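J.: Below are the structure tokens for one structure; questions will follow.
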Amino acid sequence: MIKMVNLHFSFYLTSLSSHSIFLYSLNCLSYELLDRDISMTTTTRTKEKVELLAPAGNFEKLETAIHYGADAVYLAGREFSLRNFSENFTVDEIRSAVKLAHGHGVKVYAACNIYARNEEQDLIADYLKTLGEIGPEAVIIADPGIFREG
């Protein structure tokens, strides 16, 4: 199960170990796409701890978020992020960032939130496979078209 806090927009998250896509929006309606069946459920509020999710645009910001008690961080690679003027992370830096965050009990969400062009599909597939090997908790995507079978 993937949890997500959404402040202004609806985001898609996908588990790297399955083909599930989960969308959570502020109106507390959740839509879950599982094996191509779409179901709509109304969520109920519980007294669970709120997850503090902080941006980590570079290693310094990652360390700051960890130091000040973030439960989770989101970061992006240099190639497939809408924040292309941010420093972002190389693949090796993502690997180090996930190791550091997990060592402090902090979750990592990796953003791959571009709207892909056809010619980028193979590169994105390789990138997502590499992210799957690195092991962030989830990937934040904007374009569900980046997932394909095969």
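By order of appearance in the structure tokens: chains A, B, ..., then residues from 1 within every chain, and ligands from 1 in the order shown.
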Can you pull out the residues contacting Phe80 of chain A? Cut-off 8 Å, using only C-alpha atoms, and skip same-chain residues under 3 positions away; I want them as a count of residues only.
T.: 7
J.: Report as an MDAnalysis selection string all protein, DNA and RNA residues lying within 10 Å of Asp122 of chain A, evaluated on only C-alpha atoms, omitting residues in the same chain fewer than 5 positions from it.
T.: chainID A and resid 127:128 146
J.: Enter the distance from atom CA of Ala56 of chain A to atom CA of Asn88 of chain A, in Å, rounded to one decimal.
T.: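 Answer for the atom CA of Ala56 of chain A to atom CA of Asn88 of chain A separation: 8.0 Å.
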J.: Record the distance separating atom CA of His104 of chain A and atom CA of His67 of chain A, expressed in Å with one decimal.
T.: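 Interatomic distance here is 9.3 Å.
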J.: Which neighbours of Thr90 of chain A fall inside 10 Å, counting only C-alpha atoms, when residues of the same chain fewer than 4 positions from it are skipped, and could you give them as number ranges by chain?
T.: A: 58, 76-79, 94-96
J.: For Gly69 of chain A, find every residue with an atom within 12 Å (counting only C-alpha atoms), except residues of its own chain fewer than 2 positions away, and show them as a list in words.
T.: Glu51, Leu52, Leu53, Ala54, Leu62, Glu63, Thr64, Ala65, Ile66, His67, Asp71, Ala72, Val73, Ala101, His104, Gly105, Val106 and Lys107 of chain A
J.: For Phe59 of chain A, which of A:Val108, A:Glu93, A:Lys47, A:Tyr74 is the closest residue, counting only C-alpha atoms?
T.: A:Glu93
J.: For a test of reading the model, state the distance in Å between atom CA of Leu123 of chain A and atom CA of Gly103 of chain A, rounded to one decimal.
T.: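 Pair atom CA of Leu123 of chain A / atom CA of Gly103 of chain A returns 29.4 Å.
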J.: Would you return as a ChimeraX atom specification the members of segment 71-128 of chain A that DSSP assigns to strand (DSSP E or B) on this structure's backbone?
T.: /A:72-77,89,107-112
J.: Using the chain letters and numbers from this document, which residues of segment 109-147 of chain A does DSSP assign to alpha helix (DSSP H), as a PyMOL selection string?
T.: chain A and resi 121-134
J.: Next, write the just-selected residues to a file, as a JSON list (two decimals), in the first residue's frame, keeping C-alpha atoms as the atom set.
T.:
```json
[["chain", "number", "residue", "atom", "x", "y", "z"],
["A", 121, "GLN", "CA", 10.33, 5.46, -23.68],
["A", 122, "ASP", "CA", 13.33, 3.10, -23.74],
["A", 123, "LEU", "CA", 15.45, 5.50, -21.66],
["A", 124, "ILE", "CA", 12.64, 5.91, -19.11],
["A", 125, "ALA", "CA", 12.15, 2.14, -18.92],
["A", 126, "ASP", "CA", 15.85, 1.70, -18.14],
["A", 127, "TYR", "CA", 15.72, 4.52, -15.59],
["A", 128, "LEU", "CA", 12.68, 3.01, -13.82],
["A", 129, "LYS", "CA", 14.34, -0.39, -13.76],
["A", 130, "THR", "CA", 17.41, 1.19, -12.14],
["A", 131, "LEU", "CA", 15.19, 2.98, -9.60],
["A", 132, "GLY", "CA", 13.55, -0.36, -8.82],
["A", 133, "GLU", "CA", 16.98, -1.80, -8.04],
["A", 134, "ILE", "CA", 17.88, 1.20, -5.85]]
```
J.: Tell me which protein, DNA and RNA residues are within 7 Å of Gly57 of chain A, counting only C-alpha atoms, leaving out same-chain ones fewer than 5 positions away, and put them as a PyMOL selection string.
T.: chain A and resi 75+86-88
J.: Would you put the residues from that selection into a file with all heavy atoms, as a PDB file, in the first residue's frame?
T.:
```
ATOM      1  N   LEU A  75      12.673  13.258  -4.198  1.00  0.00           N
ATOM      2  CA  LEU A  75      13.806  13.744  -4.976  1.00  0.00           C
ATOM      3  C   LEU A  75      13.628  13.322  -6.413  1.00  0.00           C
ATOM      4  O   LEU A  75      12.725  12.568  -6.735  1.00  0.00           O
ATOM      5  CB  LEU A  75      15.122  13.214  -4.392  1.00  0.00           C
ATOM      6  CG  LEU A  75      15.255  11.701  -4.152  1.00  0.00           C
ATOM      7  CD1 LEU A  75      15.563  10.954  -5.429  1.00  0.00           C
ATOM      8  CD2 LEU A  75      16.333  11.441  -3.122  1.00  0.00           C
ATOM      9  N   SER A  86      16.582  22.611 -11.158  1.00  0.00           N
ATOM     10  CA  SER A  86      17.098  22.216  -9.854  1.00  0.00           C
ATOM     11  C   SER A  86      18.355  21.383 -10.063  1.00  0.00           C
ATOM     12  O   SER A  86      18.588  20.853 -11.143  1.00  0.00           O
ATOM     13  CB  SER A  86      16.070  21.371  -9.097  1.00  0.00           C
ATOM     14  OG  SER A  86      14.952  22.135  -8.778  1.00  0.00           O
ATOM     15  N   GLU A  87      19.136  21.272  -9.012  1.00  0.00           N
ATOM     16  CA  GLU A  87      20.340  20.453  -9.126  1.00  0.00           C
ATOM     17  C   GLU A  87      19.997  18.997  -9.376  1.00  0.00           C
ATOM     18  O   GLU A  87      20.587  18.344 -10.203  1.00  0.00           O
ATOM     19  CB  GLU A  87      21.171  20.578  -7.844  1.00  0.00           C
ATOM     20  CG  GLU A  87      21.797  21.949  -7.667  1.00  0.00           C
ATOM     21  CD  GLU A  87      22.564  22.049  -6.371  1.00  0.00           C
ATOM     22  OE1 GLU A  87      23.386  21.160  -6.096  1.00  0.00           O
ATOM     23  OE2 GLU A  87      22.317  23.012  -5.642  1.00  0.00           O
ATOM     24  N   ASN A  88      19.007  18.469  -8.632  1.00  0.00           N
ATOM     25  CA  ASN A  88      18.595  17.080  -8.724  1.00  0.00           C
ATOM     26  C   ASN A  88      19.773  16.122  -8.528  1.00  0.00           C
ATOM     27  O   ASN A  88      20.858  16.526  -8.145  1.00  0.00           O
ATOM     28  CB  ASN A  88      17.835  16.815 -10.009  1.00  0.00           C
ATOM     29  CG  ASN A  88      16.479  17.493  -9.996  1.00  0.00           C
ATOM     30  OD1 ASN A  88      15.862  17.658  -8.960  1.00  0.00           O
ATOM     31  ND2 ASN A  88      16.025  17.909 -11.165  1.00  0.00           N
TER      32      ASN A  88
END
```
